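Source file: start.txt; contents: compact mmCIF, C-alpha atoms (C1' of nucleotides).
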```
# COMPACT_ATOMS: atom_id res chain seq x y z
CA MET A 1 19.13 12.78 -17.04
CA GLY A 2 16.90 10.20 -15.45
CA THR A 3 14.09 9.66 -13.02
CA PRO A 4 13.26 6.20 -11.61
CA ASN A 5 15.32 3.58 -9.83
CA PHE A 6 16.62 2.22 -13.09
CA ALA A 7 18.27 5.59 -13.69
CA VAL A 8 19.64 5.69 -10.17
CA LYS A 9 21.61 2.52 -10.83
CA ILE A 10 23.21 4.06 -13.89
CA LEU A 11 23.94 7.31 -12.09
CA GLU A 12 25.33 5.46 -9.12
CA SER A 13 27.73 3.51 -11.22
CA LEU A 14 28.94 6.63 -13.01
CA PHE A 15 29.34 8.45 -9.73
CA GLU A 16 31.17 5.66 -7.97
CA SER A 17 33.48 4.92 -10.85
CA LYS A 18 34.99 8.35 -10.22
CA LYS A 19 36.16 8.34 -13.82
CA HIS A 20 33.76 11.03 -14.85
CA THR A 21 32.75 14.37 -13.43
CA ILE A 22 29.04 14.70 -12.99
CA ILE A 23 28.41 18.38 -13.44
CA GLY A 24 24.69 18.17 -13.04
CA VAL A 25 21.77 15.78 -12.87
CA VAL A 26 18.43 16.43 -14.49
CA THR A 27 15.28 14.74 -13.28
CA GLN A 28 11.53 15.24 -13.46
CA PRO A 29 10.04 17.95 -11.24
CA ASP A 30 8.61 16.92 -7.90
CA ARG A 31 5.10 15.72 -8.38
CA VAL A 32 2.26 15.13 -6.01
CA ARG A 33 1.80 11.44 -5.83
CA GLY A 34 0.95 8.88 -3.29
CA ARG A 35 -1.60 8.88 -0.56
CA GLY A 36 -2.62 12.19 0.86
CA ASN A 37 -1.35 13.93 -2.23
CA LYS A 38 2.06 14.58 -0.81
CA VAL A 39 4.94 15.76 -2.91
CA GLU A 40 7.56 13.13 -3.50
CA ASP A 41 11.10 13.42 -4.85
CA SER A 42 12.07 11.21 -7.75
CA PRO A 43 14.47 8.38 -6.86
CA VAL A 44 17.19 10.14 -8.82
CA LYS A 45 16.66 13.33 -6.88
CA GLN A 46 16.83 11.46 -3.62
CA TYR A 47 20.12 9.92 -4.66
CA CYS A 48 21.53 13.31 -5.63
CA LEU A 49 20.52 14.87 -2.36
CA MET A 50 22.23 12.11 -0.45
CA ASN A 51 25.40 12.40 -2.47
CA GLY A 52 25.68 16.11 -2.89
CA LEU A 53 25.06 16.17 -6.63
CA GLU A 54 23.61 19.23 -8.30
CA VAL A 55 20.00 18.55 -9.37
CA TYR A 56 17.94 20.33 -11.97
CA GLN A 57 14.22 19.78 -12.40
CA PRO A 58 12.98 21.78 -15.34
CA GLU A 59 9.27 21.59 -16.00
CA LYS A 60 10.27 21.36 -19.65
CA VAL A 61 13.83 20.55 -20.70
CA LYS A 62 13.13 22.10 -24.04
CA SER A 63 12.38 25.50 -22.54
CA ALA A 64 14.62 28.38 -23.54
CA ASP A 65 15.58 29.04 -19.95
CA PHE A 66 16.85 25.56 -19.37
CA LEU A 67 18.71 25.52 -22.64
CA VAL A 68 20.65 28.55 -21.48
CA LEU A 69 21.53 26.76 -18.31
CA LEU A 70 22.61 23.63 -20.18
CA ARG A 71 24.87 25.62 -22.43
CA LYS A 72 26.46 27.23 -19.43
CA LEU A 73 27.17 23.82 -17.94
CA GLN A 74 29.02 22.78 -21.10
CA PRO A 75 28.63 19.01 -20.73
CA ASP A 76 30.92 16.77 -22.80
CA VAL A 77 28.17 14.23 -22.93
CA ILE A 78 24.65 13.81 -21.58
CA VAL A 79 23.73 10.38 -20.33
CA VAL A 80 20.01 9.66 -20.45
CA ALA A 81 18.22 6.83 -18.68
CA ALA A 82 14.45 6.76 -18.35
CA TYR A 83 14.20 10.50 -17.94
CA GLY A 84 10.62 10.91 -19.08
CA GLN A 85 10.91 13.90 -21.33
CA ILE A 86 11.72 14.17 -25.02
CA LEU A 87 14.90 16.00 -25.89
CA ASN A 88 14.96 18.22 -28.93
CA GLU A 89 17.76 18.59 -31.44
CA GLU A 90 19.22 21.61 -29.78
CA ILE A 91 19.88 19.60 -26.68
CA LEU A 92 20.93 16.48 -28.59
CA ASN A 93 23.59 18.44 -30.42
CA LEU A 94 24.76 20.48 -27.48
CA PRO A 95 27.35 18.15 -25.88
CA LYS A 96 30.58 17.32 -27.66
CA TYR A 97 29.73 13.62 -27.68
CA GLY A 98 26.02 14.11 -27.96
CA CYS A 99 23.42 12.43 -25.80
CA ILE A 100 23.63 8.75 -25.15
CA ASN A 101 20.81 6.65 -23.83
CA VAL A 102 20.49 3.35 -21.99
CA HIS A 103 17.52 1.49 -23.37
CA GLY A 104 16.08 -1.64 -21.80
CA SER A 105 15.91 -3.86 -24.86
CA LEU A 106 17.99 -5.19 -27.68
CA LEU A 107 17.22 -2.55 -30.26
CA PRO A 108 15.69 -2.20 -32.71
CA LYS A 109 13.17 -4.43 -30.97
CA TYR A 110 11.01 -2.93 -28.28
CA ARG A 111 11.59 0.72 -28.88
CA GLY A 112 9.52 3.05 -26.77
CA ALA A 113 8.23 3.47 -23.27
CA ALA A 114 7.89 0.00 -21.82
CA PRO A 115 10.44 -2.36 -23.36
CA VAL A 116 11.04 -4.41 -20.26
CA GLN A 117 7.38 -5.06 -19.55
CA TYR A 118 6.66 -5.99 -23.13
CA ALA A 119 9.57 -8.36 -23.35
CA LEU A 120 8.01 -10.27 -20.47
CA LEU A 121 4.46 -9.99 -21.78
CA ASN A 122 5.66 -11.60 -24.96
CA GLY A 123 7.46 -14.32 -23.09
CA GLU A 124 10.90 -13.49 -24.44
CA THR A 125 13.67 -15.67 -23.13
CA GLU A 126 16.30 -13.11 -23.91
CA SER A 127 16.40 -9.37 -23.55
CA GLY A 128 19.14 -6.89 -22.96
CA VAL A 129 20.25 -3.32 -22.99
CA THR A 130 21.36 -1.07 -25.79
CA ILE A 131 23.47 2.03 -25.41
CA MET A 132 22.74 4.33 -28.28
CA GLN A 133 23.56 7.70 -29.66
CA MET A 134 20.29 9.58 -29.41
CA ASP A 135 18.77 11.24 -32.41
CA LYS A 136 15.48 12.94 -32.84
CA GLY A 137 13.52 9.75 -33.40
CA MET A 138 12.07 7.57 -30.66
CA ASP A 139 14.92 5.20 -29.79
CA THR A 140 16.12 5.20 -33.35
CA GLY A 141 19.70 6.32 -32.81
CA ALA A 142 22.84 4.47 -33.81
CA MET A 143 23.83 1.74 -31.41
CA LEU A 144 27.09 1.92 -29.52
CA CYS A 145 26.85 -1.22 -27.46
CA LYS A 146 24.40 -4.07 -26.98
CA LYS A 147 24.42 -6.60 -24.21
CA ALA A 148 22.04 -9.51 -23.87
CA VAL A 149 20.52 -10.74 -20.63
CA ALA A 150 18.80 -14.09 -20.23
CA VAL A 151 15.20 -13.96 -19.03
CA SER A 152 14.17 -16.87 -16.88
CA GLU A 153 10.69 -18.31 -16.84
CA ASN A 154 9.52 -16.70 -13.64
CA MET A 155 11.49 -13.48 -13.78
CA THR A 156 9.55 -10.33 -12.92
CA ALA A 157 9.88 -6.91 -14.48
CA GLY A 158 11.53 -5.66 -11.32
CA GLU A 159 14.13 -8.39 -11.48
CA LEU A 160 14.75 -7.85 -15.15
CA PHE A 161 15.06 -4.12 -14.57
CA ASP A 162 17.67 -4.77 -11.93
CA ALA A 163 19.62 -7.09 -14.17
CA LEU A 164 19.42 -4.67 -17.07
CA ALA A 165 20.45 -1.74 -14.92
CA GLU A 166 23.53 -3.58 -13.79
CA VAL A 167 24.53 -4.64 -17.27
CA GLY A 168 23.54 -1.26 -18.64
CA ALA A 169 25.67 0.58 -16.12
CA ARG A 170 28.73 -1.43 -17.08
CA ALA A 171 28.02 -0.96 -20.75
CA MET A 172 27.62 2.75 -20.27
CA LEU A 173 31.00 3.06 -18.61
CA GLN A 174 32.54 1.09 -21.41
CA VAL A 175 30.95 3.30 -24.05
CA LEU A 176 32.06 6.47 -22.30
CA ASP A 177 35.61 5.16 -22.35
CA GLU A 178 35.36 4.33 -26.02
CA LEU A 179 33.90 7.72 -26.83
CA THR A 180 36.67 9.60 -25.10
CA ASN A 181 39.47 7.61 -26.64
CA GLY A 182 37.92 7.51 -30.06
CA MET A 183 37.32 3.78 -30.09
CA ALA A 184 33.54 3.96 -30.24
CA LYS A 185 31.87 2.13 -33.06
CA THR A 186 28.31 2.76 -34.08
CA GLN A 187 25.88 0.47 -35.75
CA VAL A 188 22.77 1.66 -37.50
CA GLN A 189 19.49 0.06 -36.48
CA ASN A 190 17.71 -2.11 -38.97
CA GLU A 191 14.38 -0.34 -39.40
CA ASN A 192 12.74 -3.46 -40.77
CA GLU A 193 13.14 -5.24 -37.47
CA ALA A 194 11.93 -2.37 -35.34
CA THR A 195 9.00 -2.86 -32.97
CA TYR A 196 7.44 -0.35 -30.65
CA THR A 197 6.01 -0.46 -27.16
CA HIS A 198 3.53 1.99 -25.76
CA LEU A 199 2.89 2.77 -22.11
CA LEU A 200 0.95 0.16 -20.21
CA LYS A 201 -2.68 1.01 -19.95
CA ARG A 202 -4.72 0.74 -16.82
CA GLU A 203 -7.21 -1.69 -18.24
CA MET A 204 -4.37 -4.09 -18.96
CA GLU A 205 -3.89 -4.68 -15.26
CA VAL A 206 -6.97 -6.82 -14.89
CA ILE A 207 -6.54 -10.52 -15.49
CA ASP A 208 -8.65 -12.28 -18.08
CA TRP A 209 -8.82 -15.85 -16.87
CA GLY A 210 -10.10 -16.95 -20.23
CA LEU A 211 -6.61 -16.57 -21.65
CA SER A 212 -3.99 -19.25 -21.40
CA ALA A 213 -2.05 -19.75 -18.19
CA ASN A 214 1.13 -18.73 -19.96
CA VAL A 215 -0.21 -15.42 -21.12
CA ILE A 216 -1.59 -14.62 -17.69
CA HIS A 217 1.63 -15.62 -16.02
CA ASN A 218 3.54 -13.32 -18.32
CA LYS A 219 1.26 -10.46 -17.46
CA ILE A 220 1.68 -11.07 -13.76
CA ARG A 221 5.44 -10.96 -13.91
CA ALA A 222 5.50 -8.05 -16.35
CA PHE A 223 3.37 -6.06 -13.91
CA ASN A 224 5.49 -6.78 -10.87
CA PRO A 225 6.49 -4.63 -9.00
CA VAL A 226 4.25 -2.01 -10.62
CA PRO A 227 1.39 -1.66 -11.06
CA GLY A 228 0.38 -5.24 -10.30
CA ALA A 229 -2.00 -7.47 -12.23
CA TYR A 230 -5.23 -8.07 -10.39
CA THR A 231 -8.47 -9.96 -10.33
CA HIS A 232 -11.58 -9.75 -8.19
CA LEU A 233 -12.56 -12.07 -5.37
CA SER A 234 -16.09 -13.36 -5.09
CA ASN A 235 -16.83 -10.54 -2.63
CA GLY A 236 -15.87 -8.02 -5.27
CA LYS A 237 -12.64 -6.96 -3.60
CA LYS A 238 -9.55 -6.51 -5.64
CA LEU A 239 -6.76 -9.05 -5.36
CA LYS A 240 -3.39 -8.30 -6.83
CA ILE A 241 -1.36 -11.28 -7.88
CA TRP A 242 2.35 -10.76 -7.58
CA ARG A 243 3.79 -14.15 -8.32
CA SER A 244 2.56 -17.23 -10.05
CA MET A 245 3.62 -20.39 -11.75
CA VAL A 246 2.15 -22.26 -14.69
CA VAL A 247 0.89 -25.72 -13.75
CA ASP A 248 -1.26 -28.45 -15.19
CA GLY A 249 -4.94 -28.38 -14.50
CA GLU A 250 -8.23 -27.54 -16.03
CA GLY A 251 -11.62 -26.20 -15.15
CA GLU A 252 -13.92 -23.28 -15.71
CA ALA A 253 -11.77 -20.21 -16.36
CA GLY A 254 -11.21 -18.29 -13.15
CA LYS A 255 -12.38 -21.08 -10.87
CA VAL A 256 -10.29 -21.91 -7.84
CA ILE A 257 -9.50 -25.60 -8.20
CA ALA A 258 -7.25 -25.92 -5.18
CA ALA A 259 -6.83 -23.86 -2.04
CA ASP A 260 -4.96 -25.52 0.75
CA LYS A 261 -1.52 -25.88 2.23
CA GLN A 262 -0.26 -27.04 -1.11
CA GLY A 263 -1.21 -23.72 -2.61
CA LEU A 264 -3.85 -21.92 -4.59
CA VAL A 265 -4.53 -23.01 -8.13
CA VAL A 266 -6.81 -21.21 -10.55
CA ALA A 267 -8.03 -22.65 -13.81
CA CYS A 268 -7.37 -20.61 -16.92
CA GLY A 269 -8.63 -20.78 -20.47
CA THR A 270 -5.80 -23.18 -21.14
CA GLY A 271 -3.91 -24.78 -18.29
CA ALA A 272 -3.90 -23.45 -14.77
CA LEU A 273 -1.97 -21.04 -12.66
CA LYS A 274 -0.55 -21.67 -9.24
CA ILE A 275 -0.70 -18.43 -7.29
CA LEU A 276 2.26 -17.83 -5.03
CA GLU A 277 1.98 -14.32 -3.68
CA VAL A 278 -1.04 -12.04 -3.45
CA GLN A 279 -2.16 -8.75 -2.03
CA PRO A 280 -5.77 -8.25 -1.01
CA GLU A 281 -7.12 -4.73 -1.27
CA GLY A 282 -6.10 -2.74 1.77
CA LYS A 283 -3.58 -5.34 2.89
CA LYS A 284 0.07 -5.92 2.46
CA SER A 285 1.24 -8.50 0.03
CA MET A 286 1.45 -11.96 1.53
CA ALA A 287 2.45 -15.50 0.71
CA VAL A 288 -0.53 -17.33 -0.70
CA LYS A 289 -0.30 -19.80 2.17
CA ASP A 290 -1.22 -17.03 4.58
CA PHE A 291 -3.98 -15.80 2.35
CA VAL A 292 -5.59 -19.21 2.12
CA ASN A 293 -5.04 -19.74 5.82
CA GLY A 294 -6.93 -16.56 6.60
CA HIS A 295 -9.92 -17.93 4.69
CA GLY A 296 -9.48 -15.56 1.80
CA VAL A 297 -10.61 -18.09 -0.79
CA ARG A 298 -12.12 -21.52 -1.08
CA VAL A 299 -12.16 -24.13 -3.76
CA GLY A 300 -14.95 -23.32 -6.15
CA ASP A 301 -14.70 -19.55 -5.83
CA LEU A 302 -14.75 -17.76 -9.13
CA LEU A 303 -12.26 -14.99 -9.75
CA LYS A 304 -12.91 -12.38 -12.36
C1' C B 1 -7.92 18.79 4.44
C1' G B 2 -8.47 13.90 -2.44
C1' C B 3 -11.54 8.72 -1.54
C1' G B 4 -11.27 4.18 1.15
C1' G B 5 -9.48 -0.35 3.95
C1' G B 6 -6.63 -1.88 8.22
C1' G B 7 -3.38 -2.27 12.87
C1' U B 8 -5.50 -8.79 17.95
C1' G B 9 0.58 -14.26 20.29
C1' G B 10 5.98 -15.43 14.71
C1' A B 11 2.07 -15.36 10.10
C1' G B 12 -3.09 -14.95 8.28
C1' A B 13 -7.81 -14.24 10.46
C1' A B 14 -12.47 -14.25 14.13
C1' G B 15 -14.20 -11.59 18.01
C1' U B 16 -18.27 -4.72 18.25
C1' G B 17 -19.02 -3.85 26.62
C1' G B 18 -17.74 -8.77 30.89
C1' U B 19 -9.88 -9.89 30.78
C1' A B 20 -9.38 -13.59 23.96
C1' U B 21 -10.87 -17.81 19.57
C1' C B 22 -9.39 -20.38 14.98
C1' U B 23 -5.90 -21.95 11.19
C1' C B 24 -0.74 -22.03 10.10
C1' G B 25 4.06 -21.83 12.17
C1' U B 26 7.41 -22.90 16.44
C1' C B 27 9.08 -26.34 20.50
C1' A B 28 8.59 -31.28 22.94
C1' G B 29 6.78 -36.21 22.55
C1' G B 30 4.26 -40.13 19.75
C1' C B 31 2.73 -42.91 15.26
C1' U B 32 5.21 -44.35 10.69
C1' C B 33 9.91 -47.55 6.27
C1' A B 34 9.29 -42.39 5.86
C1' U B 35 6.95 -37.54 5.51
C1' A B 36 5.47 -31.25 4.07
C1' A B 37 0.71 -36.52 6.57
C1' C B 38 -1.52 -37.92 11.32
C1' C B 39 -1.97 -37.94 17.00
C1' U B 40 -0.73 -35.72 21.97
C1' G B 41 1.10 -31.78 24.74
C1' A B 42 3.57 -26.91 25.41
C1' A B 43 5.33 -22.06 24.83
C1' G B 44 3.82 -17.52 22.91
C1' A B 45 -0.97 -11.52 23.26
C1' C B 46 -0.36 -5.84 28.58
C1' C B 47 -5.74 -6.79 21.59
C1' G B 48 -0.72 0.13 17.56
C1' G B 49 0.19 4.62 21.46
C1' U B 50 -2.09 8.15 24.91
C1' G B 51 -6.22 10.11 27.40
C1' G B 52 -11.54 9.54 28.46
C1' U B 53 -16.64 7.17 29.36
C1' U B 54 -18.08 2.75 32.41
C1' C B 55 -18.72 -1.47 38.04
C1' A B 56 -16.36 -3.51 33.57
C1' A B 57 -13.33 -1.93 26.90
C1' A B 58 -9.85 -5.46 22.05
C1' U B 59 -14.87 -3.87 21.77
C1' C B 60 -17.74 3.15 22.96
C1' C B 61 -15.52 8.48 22.51
C1' A B 62 -11.18 11.75 21.54
C1' U B 63 -6.39 12.30 19.79
C1' C B 64 -1.71 10.65 17.83
C1' C B 65 1.50 7.04 15.17
C1' C B 66 2.05 3.28 11.45
C1' C B 67 0.62 0.01 7.11
C1' C B 68 -2.15 -0.70 2.60
C1' G B 69 -5.81 -0.14 -1.86
C1' C B 70 -7.78 3.80 -5.27
C1' A B 71 -7.42 8.45 -7.53
C1' A B 72 -3.70 12.02 -9.38
```
Re-express the file's structure as structure tokens.
Amino acid sequence: MGTPNFAVKILESLFESKKHTIIGVVTQPDRVRGRGNKVEDSPVKQYCLMNGLEVYQPEKVKSADFLVLLRKLQPDVIVVAAYGQILNEEILNLPKYGCINVHGSLLPKYRGAAPVQYALLNGETESGVTIMQMDKGMDTGAMLCKKAVAVSENMTAGELFDALAEVGARAMLQVLDELTNGMAKTQVQNENEATYTHLLKREMEVIDWGLSANVIHNKIRAFNPVPGAYTHLSNGKKLKIWRSMVVDGEGEAGKVIAADKQGLVVACGTGALKILEVQPEGKKSMAVKDFVNGHGVRVGDLLK
RNA sequence: CGCGGGGUGGAGAAGUGGUAUCUCGUCAGGCUCAUAACCUGAAGACCGGUGGUUCAAAUCCAUCCCCCGCAA
């Protein structure tokens, strides 16, 4: 069970290992999204269609109808990765080995919906994945395997997701082996160390230049590749900032203190941020050199 | 029919009736101890496609394709 690209990586690795039989894949129903309100398949569904895997898209996994179907499938284990729906106890207890989940943090820290983004927002230098036996709590199950991943200074959420997916996929295969040969060891989570993350809110996307360069930089990378942290140009247009770098400098918060071939530097509450890649409203993302070249900003402009 | 922006030499832009401009990049040469700096020169665009209006269209009209922001 899974939905976004992160889940595809896990599914792909299970599928290609050929060590396990995938009797069915569950993903979120097709939803209208994107321009023109067109219906779009989830990444997991697309992968299944390309590889001939059976896909199920229940509106609600917990529905009686789907439960009947699940029972009929008789899975030995259900692997869950960013599926997007809560499983109830009936489902959790249905497979012989239960349901196991790949979570994008070193539990019990960063439980919840957006562990990867929050790890970056908080400037963590280390994150990781945890494979756990799901129980009815939110990411509270016993841990089967934990693997750490180093987070570099300029790493984006997309990059961290990729790294975690790769490590997570390997860990998942390992855990499945251990489960089937009885070697699996579980470790209970220490509730006292637990922290939770909630979904990112829309108003968090806007950049507050009054904050320190570090904090802003963390937001920018946490929001790449979705949904993008943005600010407004002096003409009121939105400008998404995809990549940045903390540099020395000072000035009125939000003021452009350099805009030339060397780059674009914006003063923050503390320190300054060198902008590396941007996307003006209605345009594709571009290197900041091109943006400055096209007269998008000048020294002295105030972003807000 | 959800709202909106846009498709101009490799890149980013200007140009809204008279066959195209700027910045960057590229190539060649020069200056320099040296350079991502500077100087000189060059190449490179049938202005997204197709029809139409006009003496004349990148510029007006119609239609199609593609890209992107927002909302869900």
Query - Shortest interatomic distance to chain B - which of A:Val299, A:Ala163, A:Met172, A:Val32, counting all atoms listed in the file - result: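 Smallest distance to chain B is found for A:Val32.
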Counting all atoms listed in the file, give me one row per residue of chain B with an atom at most 8 Å from an atom of chain A, showing the shortest contact pair and its distance in Å to one decimal, sorted by chain then residue number, as a tab-separated table.
```
residue	atom	partner	partner_atom	distance
B:G2	C1'	A:Gly36	CA	6.9
B:G5	C1'	A:Gly282	CA	4.7
B:G6	C1'	A:Gly282	CA	6.5
B:A11	C1'	A:Asp290	CA	6.6
B:G12	C1'	A:Gly294	CA	4.5
B:A13	C1'	A:Gly294	CA	4.6
B:U23	C1'	A:Asn293	CA	5.9
B:C24	C1'	A:Asn293	CA	6.5
B:C67	C1'	A:Lys284	CA	7.6
B:C68	C1'	A:Gly282	CA	4.5
B:G69	C1'	A:Gly282	CA	4.5
B:A72	C1'	A:Arg33	CA	6.6
```
Query raised in the report: Just how far from CA of Val167 (chain A) is CA of Asp76 (chain A), in Å to one decimal?
Result: 23.0 Å
Requested in this report: Find the distance between CA of Lys201 (chain A) and CA of Ser152 (chain A) and write it in Å to one decimal.
Outcome: 24.8 Å
**Report entry** For Ile100 (chain A): contacts at 8 Å, only C-alpha atoms (C1' of nucleotides), fewer than 5 positions along chain excluded, given as a list in words
**Finding:**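 Non-adjacent residues within range: Val77, Ile78, Val79, Val80, Ile131, Met132, Gln133 and Met134 of chain A.
The environment of Tyr47 (chain A) within 12 Å, counting only C-alpha atoms (C1' of nucleotides) and disregarding residues fewer than 4 places along the same chain, consists of Gly2, Thr3, Pro4, Asn5, Phe6, Ala7, Val8, Lys9, Ile10, Leu11, Glu12, Ser13, Phe15, Val25, Val26, Thr27, Asp41, Ser42, Pro43, Asn51, Gly52, Leu53, Glu54 and Val55 of chain A.
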Export of prior selection with C-alpha atoms as a tab-separated table (two decimals), in the frame of the given file:
```tsv
chain	number	residue	atom	x	y	z
A	2	GLY	CA	16.90	10.20	-15.45
A	3	THR	CA	14.09	9.66	-13.02
A	4	PRO	CA	13.26	6.20	-11.61
A	5	ASN	CA	15.32	3.58	-9.83
A	6	PHE	CA	16.62	2.22	-13.09
A	7	ALA	CA	18.27	5.59	-13.69
A	8	VAL	CA	19.64	5.69	-10.17
A	9	LYS	CA	21.61	2.52	-10.83
A	10	ILE	CA	23.21	4.06	-13.89
A	11	LEU	CA	23.94	7.31	-12.09
A	12	GLU	CA	25.33	5.46	-9.12
A	13	SER	CA	27.73	3.51	-11.22
A	15	PHE	CA	29.34	8.45	-9.73
A	25	VAL	CA	21.77	15.78	-12.87
A	26	VAL	CA	18.43	16.43	-14.49
A	27	THR	CA	15.28	14.74	-13.28
A	41	ASP	CA	11.10	13.42	-4.85
A	42	SER	CA	12.07	11.21	-7.75
A	43	PRO	CA	14.47	8.38	-6.86
A	51	ASN	CA	25.40	12.40	-2.47
A	52	GLY	CA	25.68	16.11	-2.89
A	53	LEU	CA	25.06	16.17	-6.63
A	54	GLU	CA	23.61	19.23	-8.30
A	55	VAL	CA	20.00	18.55	-9.37
```
Query raised in the report: In Å to one decimal, how far is CA of Asn101 (chain A) from CA of Ala81 (chain A)?
Result: 5.8 Å
**Report entry** Residue contacts of region 34-45 of chain B (12 Å, all atoms listed in the file) excluding same-chain residues fewer than 6 positions away, as a list in words
**Finding:**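 Returned residues: Lys261 and Gln262 of chain A; U8, G9, G10, U19, A20, G25, U26, C27, A28 and A58 of chain B.
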Query raised in the report: Need the neighbours of (-3.3, 12.2, 18.9): which residues are at most 9 Å away, counting all atoms listed in the file, as a ChimeraX atom specification?
Result: /B:49-50,62-65
Protein and nucleic acid residues near (-16.5, -9.9, -9.0) (cut-off 12 Å, all atoms listed in the file) as a PDB file with C-alpha atoms, in the frame of the given file:
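Here's the written file part-v4.pdb:
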```
ATOM      1  CA  VAL A 206      -6.970  -6.820 -14.890  1.00  0.00           C
ATOM      2  CA  ILE A 207      -6.540 -10.520 -15.490  1.00  0.00           C
ATOM      3  CA  TYR A 230      -5.230  -8.070 -10.390  1.00  0.00           C
ATOM      4  CA  THR A 231      -8.470  -9.960 -10.330  1.00  0.00           C
ATOM      5  CA  HIS A 232     -11.580  -9.750  -8.190  1.00  0.00           C
ATOM      6  CA  LEU A 233     -12.560 -12.070  -5.370  1.00  0.00           C
ATOM      7  CA  SER A 234     -16.090 -13.360  -5.090  1.00  0.00           C
ATOM      8  CA  ASN A 235     -16.830 -10.540  -2.630  1.00  0.00           C
ATOM      9  CA  GLY A 236     -15.870  -8.020  -5.270  1.00  0.00           C
ATOM     10  CA  LYS A 237     -12.640  -6.960  -3.600  1.00  0.00           C
ATOM     11  CA  LYS A 238      -9.550  -6.510  -5.640  1.00  0.00           C
ATOM     12  CA  LEU A 239      -6.760  -9.050  -5.360  1.00  0.00           C
ATOM     13  CA  GLY A 254     -11.210 -18.290 -13.150  1.00  0.00           C
ATOM     14  CA  ASP A 301     -14.700 -19.550  -5.830  1.00  0.00           C
ATOM     15  CA  LEU A 302     -14.750 -17.760  -9.130  1.00  0.00           C
ATOM     16  CA  LEU A 303     -12.260 -14.990  -9.750  1.00  0.00           C
ATOM     17  CA  LYS A 304     -12.910 -12.380 -12.360  1.00  0.00           C
TER      18      LYS A 304
END
```
